[in-house]
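S.K.: Can you read through this structure? Questions will come right after.
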Amino acid sequence: MAVFNTKTFMKHNDYMTPKYAWENIQQFIPKDKVIWEAFYGDGNSGDYLTELGFKVIHEEVDFFENDMGDIIVSNPPFSRELINPIMHRLKELDKPFILILPSSKINSQYMRNTFKDKLQICIPNGRINFNKLVDGKNVDCKNKCAFDCFYICYKMNLPDDITWLE
């Protein structure tokens, strides 16, 4: 689930991950681990990961009060009021993760101070165009995403610290 606050998108927490976003990085997600897709959204993200052959826990539970799976693969809300507590919780859990986040988040003080030298990045070939959810239903987004996102990886032991996706 993503939050946009740009000229193109109004501020809203209901932007969902398209299936191709997970297809882009499926080769980097270990098949022998149980994924916790920690941010439920419309529920499709967990279904997409399951369709790709992964064991997935994707339930409507409070991220801050639960600890599930072996790794976290998710698209958390991007809003400032949510992302800092989410990152603190991830550090507390200290389990491997892959998160879709705006590229600007990598340069935040929190990321620099907390995860410095411990993160790897996968850079997609183009912007991820999220699906908009309004009143519980997906609607067509006429506009493209106005900013770049990276896959921020922690303890994933990727072959390279920066991976350019095809």
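As shown in the structure tokens, the chain order sets the letters A, B, ...; within each chain, residues go from 1, and ligands are also counted from 1 in the order they appear.
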List every residue of chain A that DSSP, applied to the backbone, labels as strand (DSSP E), and write the result as a VMD selection string.
M.R.: chain A and resid 2 to 4 12 to 16 34 to 36 55 to 57 71 to 74 97 to 102 119 to 123 131 to 134 137 to 139 149 to 154 162 to 164
S.K.: Write the selection just made, keeping C-alpha atoms, as a PDB file, in the first residue's frame?
M.R.:
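Okay, this is what ended up in part35.pdb:
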```pdb
ATOM      1  CA  ALA A   2       1.447   3.352  -0.980  1.00  0.00           C
ATOM      2  CA  VAL A   3       0.705   6.967  -0.146  1.00  0.00           C
ATOM      3  CA  PHE A   4       1.106   9.697  -2.715  1.00  0.00           C
ATOM      4  CA  HIS A  12      -4.337   8.919   0.040  1.00  0.00           C
ATOM      5  CA  ASN A  13      -3.160   5.665   1.629  1.00  0.00           C
ATOM      6  CA  ASP A  14      -4.976   3.366  -0.756  1.00  0.00           C
ATOM      7  CA  TYR A  15      -2.601   2.691  -3.632  1.00  0.00           C
ATOM      8  CA  MET A  16      -2.047  -1.022  -4.139  1.00  0.00           C
ATOM      9  CA  VAL A  34       7.341 -17.784   4.667  1.00  0.00           C
ATOM     10  CA  ILE A  35       6.560 -14.228   3.563  1.00  0.00           C
ATOM     11  CA  TRP A  36       4.605 -11.871   5.765  1.00  0.00           C
ATOM     12  CA  LYS A  55       4.185 -19.262   1.040  1.00  0.00           C
ATOM     13  CA  VAL A  56       2.471 -16.088   2.231  1.00  0.00           C
ATOM     14  CA  ILE A  57       0.780 -14.799   5.369  1.00  0.00           C
ATOM     15  CA  ILE A  71      10.687 -12.376   5.896  1.00  0.00           C
ATOM     16  CA  ILE A  72       8.607  -9.294   5.120  1.00  0.00           C
ATOM     17  CA  VAL A  73       7.810  -8.454   1.524  1.00  0.00           C
ATOM     18  CA  SER A  74       5.489  -5.485   1.334  1.00  0.00           C
ATOM     19  CA  PHE A  97      12.653  -7.516   4.316  1.00  0.00           C
ATOM     20  CA  ILE A  98      11.979  -6.201   0.843  1.00  0.00           C
ATOM     21  CA  LEU A  99       9.915  -3.012   0.807  1.00  0.00           C
ATOM     22  CA  ILE A 100       8.747  -0.875  -2.061  1.00  0.00           C
ATOM     23  CA  LEU A 101       9.532   2.711  -1.045  1.00  0.00           C
ATOM     24  CA  PRO A 102      10.040   6.044  -2.799  1.00  0.00           C
ATOM     25  CA  LEU A 119      20.691  -2.199   2.899  1.00  0.00           C
ATOM     26  CA  GLN A 120      20.649  -3.345  -0.683  1.00  0.00           C
ATOM     27  CA  ILE A 121      18.572  -1.764  -3.420  1.00  0.00           C
ATOM     28  CA  CYS A 122      16.836  -3.104  -6.504  1.00  0.00           C
ATOM     29  CA  ILE A 123      16.040  -0.390  -9.008  1.00  0.00           C
ATOM     30  CA  ASN A 131      -3.482   0.550  -8.463  1.00  0.00           C
ATOM     31  CA  LYS A 132      -5.832   3.017  -6.783  1.00  0.00           C
ATOM     32  CA  LEU A 133      -8.431   1.734  -4.334  1.00  0.00           C
ATOM     33  CA  VAL A 134     -11.548   3.867  -3.745  1.00  0.00           C
ATOM     34  CA  LYS A 137     -12.763  -1.077  -5.328  1.00  0.00           C
ATOM     35  CA  ASN A 138      -9.885  -0.731  -7.759  1.00  0.00           C
ATOM     36  CA  VAL A 139     -10.288   2.202 -10.126  1.00  0.00           C
ATOM     37  CA  CYS A 149      10.395   3.786  -6.123  1.00  0.00           C
ATOM     38  CA  PHE A 150      13.082   1.295  -5.178  1.00  0.00           C
ATOM     39  CA  TYR A 151      12.931  -2.115  -3.586  1.00  0.00           C
ATOM     40  CA  ILE A 152      14.751  -1.577  -0.293  1.00  0.00           C
ATOM     41  CA  CYS A 153      16.214  -4.872   0.941  1.00  0.00           C
ATOM     42  CA  TYR A 154      17.550  -5.761   4.377  1.00  0.00           C
ATOM     43  CA  ILE A 162      22.624  -2.283  -6.173  1.00  0.00           C
ATOM     44  CA  THR A 163      20.697  -4.351  -8.686  1.00  0.00           C
ATOM     45  CA  TRP A 164      19.336  -2.774 -11.850  1.00  0.00           C
TER      46      TRP A 164
END
```
S.K.: Excluding same-chain residues fewer than 2 positions from Phe63 in chain A, what lies within 9 Å of it counting only C-alpha atoms, as a list in words?
M.R.: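 Within the cut-off, the hits are Ala38, Phe39, Glu60, Val61, Glu65, Asn66, Asp67, Ile86 and Arg89 of chain A.
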S.K.: Can you work out the spacing between CA of Asp42 in chain A and CA of Glu59 in chain A in Å, to one decimal?
M.R.: 10.5 Å
S.K.: Apply DSSP to the structure's backbone, then extract all residues of chain A labelled helix (DSSP H, G or I) and return them as a count of residues only.
M.R.: 45
S.K.: Applying 10 Å and only C-alpha atoms, which residues near His88 in chain A remain after dropping the ones on its own chain fewer than 6 positions away? List them as a ChimeraX atom specification.
M.R.: /A:64,94,110-111,114
S.K.: Would you mind reading off the distance between CA of Lys19 in chain A and CA of Asn75 in chain A, one decimal, in Å?
M.R.: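 Going from CA of Lys19 in chain A over to CA of Asn75 in chain A covers 11.8 Å.
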